[in-house]
Amino acid sequence: MSAREQVKAALRKVREIEKQVQDLEDEAAEQMDLAVGIAMENAGLNPVENIVVGGWECDNRDNLVGTCVYDDDEDPLHDDCLFCHAPEERK
Ligand SMILES: [Zn+2]
């Protein structure tokens with residue numbers, strides 16, 4: 001195989017792997033949405049279209065996901081966790 005062919009083959013493999021990574025990320029996001037949706041319903045909260053999961057542990061025991069979550073449409077600055085009402089930005 002020529003160098004050109006080897007590079008082409010390697011790049012093809014790179015694109016294949018990137019596609020797989022993207023598919024897995026999509027699947028993980030779907031599962032996270034599912035988990036948050038179930039936790040919200042279980043806590044008696046109305047469903048939200050665009051959920052963002054923050055990085056903080058949530059103080060509200062009803063939050064089965066355990067991490068603060070925000071309504072990205074109504075609260076784009078992530079100031080009000082749907083469960084504990086804490087902001088994402090903390091000192
Ligand atoms: Zn919270």
# chains A, B, ... in the order shown; residues from 1 in each chain; ligands from 1
call {"tool": "residues_near_ligand", "arguments": {"ligand": "ligand 1", "cutoff": "7 Å", "atoms": "only C-alpha atoms and all ligand atoms", "output": "number ranges by chain"}}
result
A: 57-60, 67-69, 81-86
call {"tool": "write_last_selection", "arguments": {"atoms": "C-alpha atoms", "output": "tab-separated table (two decimals), in the first residue's frame"}}
result
chain	number	residue	atom	x	y	z
A	57	GLU	CA	-24.82	17.66	43.63
A	58	CYS	CA	-28.47	18.54	44.26
A	59	ASP	CA	-29.69	19.03	47.84
A	60	ASN	CA	-33.26	18.05	47.05
A	67	THR	CA	-27.33	16.52	40.14
A	68	CYS	CA	-28.92	19.96	39.74
A	69	VAL	CA	-30.92	20.40	36.52
A	81	CYS	CA	-32.39	24.32	39.75
A	82	LEU	CA	-35.78	22.75	39.05
A	83	PHE	CA	-35.47	20.76	42.29
A	84	CYS	CA	-33.51	22.81	44.85
A	85	HIS	CA	-33.56	26.26	43.14
A	86	ALA	CA	-29.81	26.77	43.55
call {"tool": "select_by_dssp", "arguments": {"residues": "chain A", "states": "helix (DSSP H, G or I)", "output": "PyMOL selection string"}}
result
chain A and resi 3-42
call {"tool": "write_last_selection", "arguments": {"atoms": "C-alpha atoms", "output": "tab-separated table (two decimals), in the first residue's frame"}}
result
chain	number	residue	atom	x	y	z
A	3	ALA	CA	1.69	6.14	1.70
A	4	ARG	CA	-1.28	7.93	0.16
A	5	GLU	CA	-3.45	4.82	0.48
A	6	GLN	CA	-2.31	4.22	4.05
A	7	VAL	CA	-3.18	7.78	5.02
A	8	LYS	CA	-6.55	7.51	3.31
A	9	ALA	CA	-7.32	4.26	5.12
A	10	ALA	CA	-6.29	5.71	8.48
A	11	LEU	CA	-8.41	8.83	7.90
A	12	ARG	CA	-11.37	6.67	6.94
A	13	LYS	CA	-10.94	4.82	10.25
A	14	VAL	CA	-10.74	8.16	12.12
A	15	ARG	CA	-14.05	9.28	10.59
A	16	GLU	CA	-15.62	5.94	11.47
A	17	ILE	CA	-14.52	6.28	15.11
A	18	GLU	CA	-15.68	9.91	15.27
A	19	LYS	CA	-19.09	8.79	14.05
A	20	GLN	CA	-19.22	6.09	16.73
A	21	VAL	CA	-18.26	8.61	19.42
A	22	GLN	CA	-21.00	10.97	18.22
A	23	ASP	CA	-23.56	8.16	18.25
A	24	LEU	CA	-22.56	7.19	21.79
A	25	GLU	CA	-22.75	10.81	22.96
A	26	ASP	CA	-26.23	11.12	21.44
A	27	GLU	CA	-27.29	7.92	23.16
A	28	ALA	CA	-25.87	9.06	26.50
A	29	ALA	CA	-27.72	12.39	26.19
A	30	GLU	CA	-30.93	10.53	25.41
A	31	GLN	CA	-30.55	8.33	28.46
A	32	MET	CA	-29.80	11.36	30.63
A	33	ASP	CA	-32.97	13.08	29.35
A	34	LEU	CA	-34.91	9.92	30.12
A	35	ALA	CA	-33.49	9.74	33.66
A	36	VAL	CA	-34.22	13.42	34.36
A	37	GLY	CA	-37.72	13.12	32.89
A	38	ILE	CA	-38.56	10.20	35.15
A	39	ALA	CA	-37.06	11.94	38.21
A	40	MET	CA	-39.07	15.11	37.46
A	41	GLU	CA	-42.30	13.21	36.98
A	42	ASN	CA	-41.63	11.30	40.18
call {"tool": "closest_residue", "arguments": {"among": "A:Val53, A:Val48, A:Met1, A:Leu77", "to": "Val65 of chain A", "atoms": "only C-alpha atoms"}}
result
A:Val53
call {"tool": "select_by_dssp", "arguments": {"residues": "chain A", "states": "strand (DSSP E)", "output": "MDAnalysis selection string"}}
result
chainID A and resid 51:57 67:71
call {"tool": "closest_residue", "arguments": {"among": "A:Ser2, A:Glu89, A:Ala43, A:Asn50", "to": "Asn63 of chain A", "atoms": "only C-alpha atoms"}}
result
A:Ala43
call {"tool": "atom_distance", "arguments": {"atom1": "atom CA of Arg90 of chain A", "atom2": "atom CA of Glu49 of chain A"}}
result
24.8 Å
call {"tool": "atom_distance", "arguments": {"atom1": "atom CA of Arg61 of chain A", "atom2": "atom CA of Glu88 of chain A"}}
result
17.6 Å
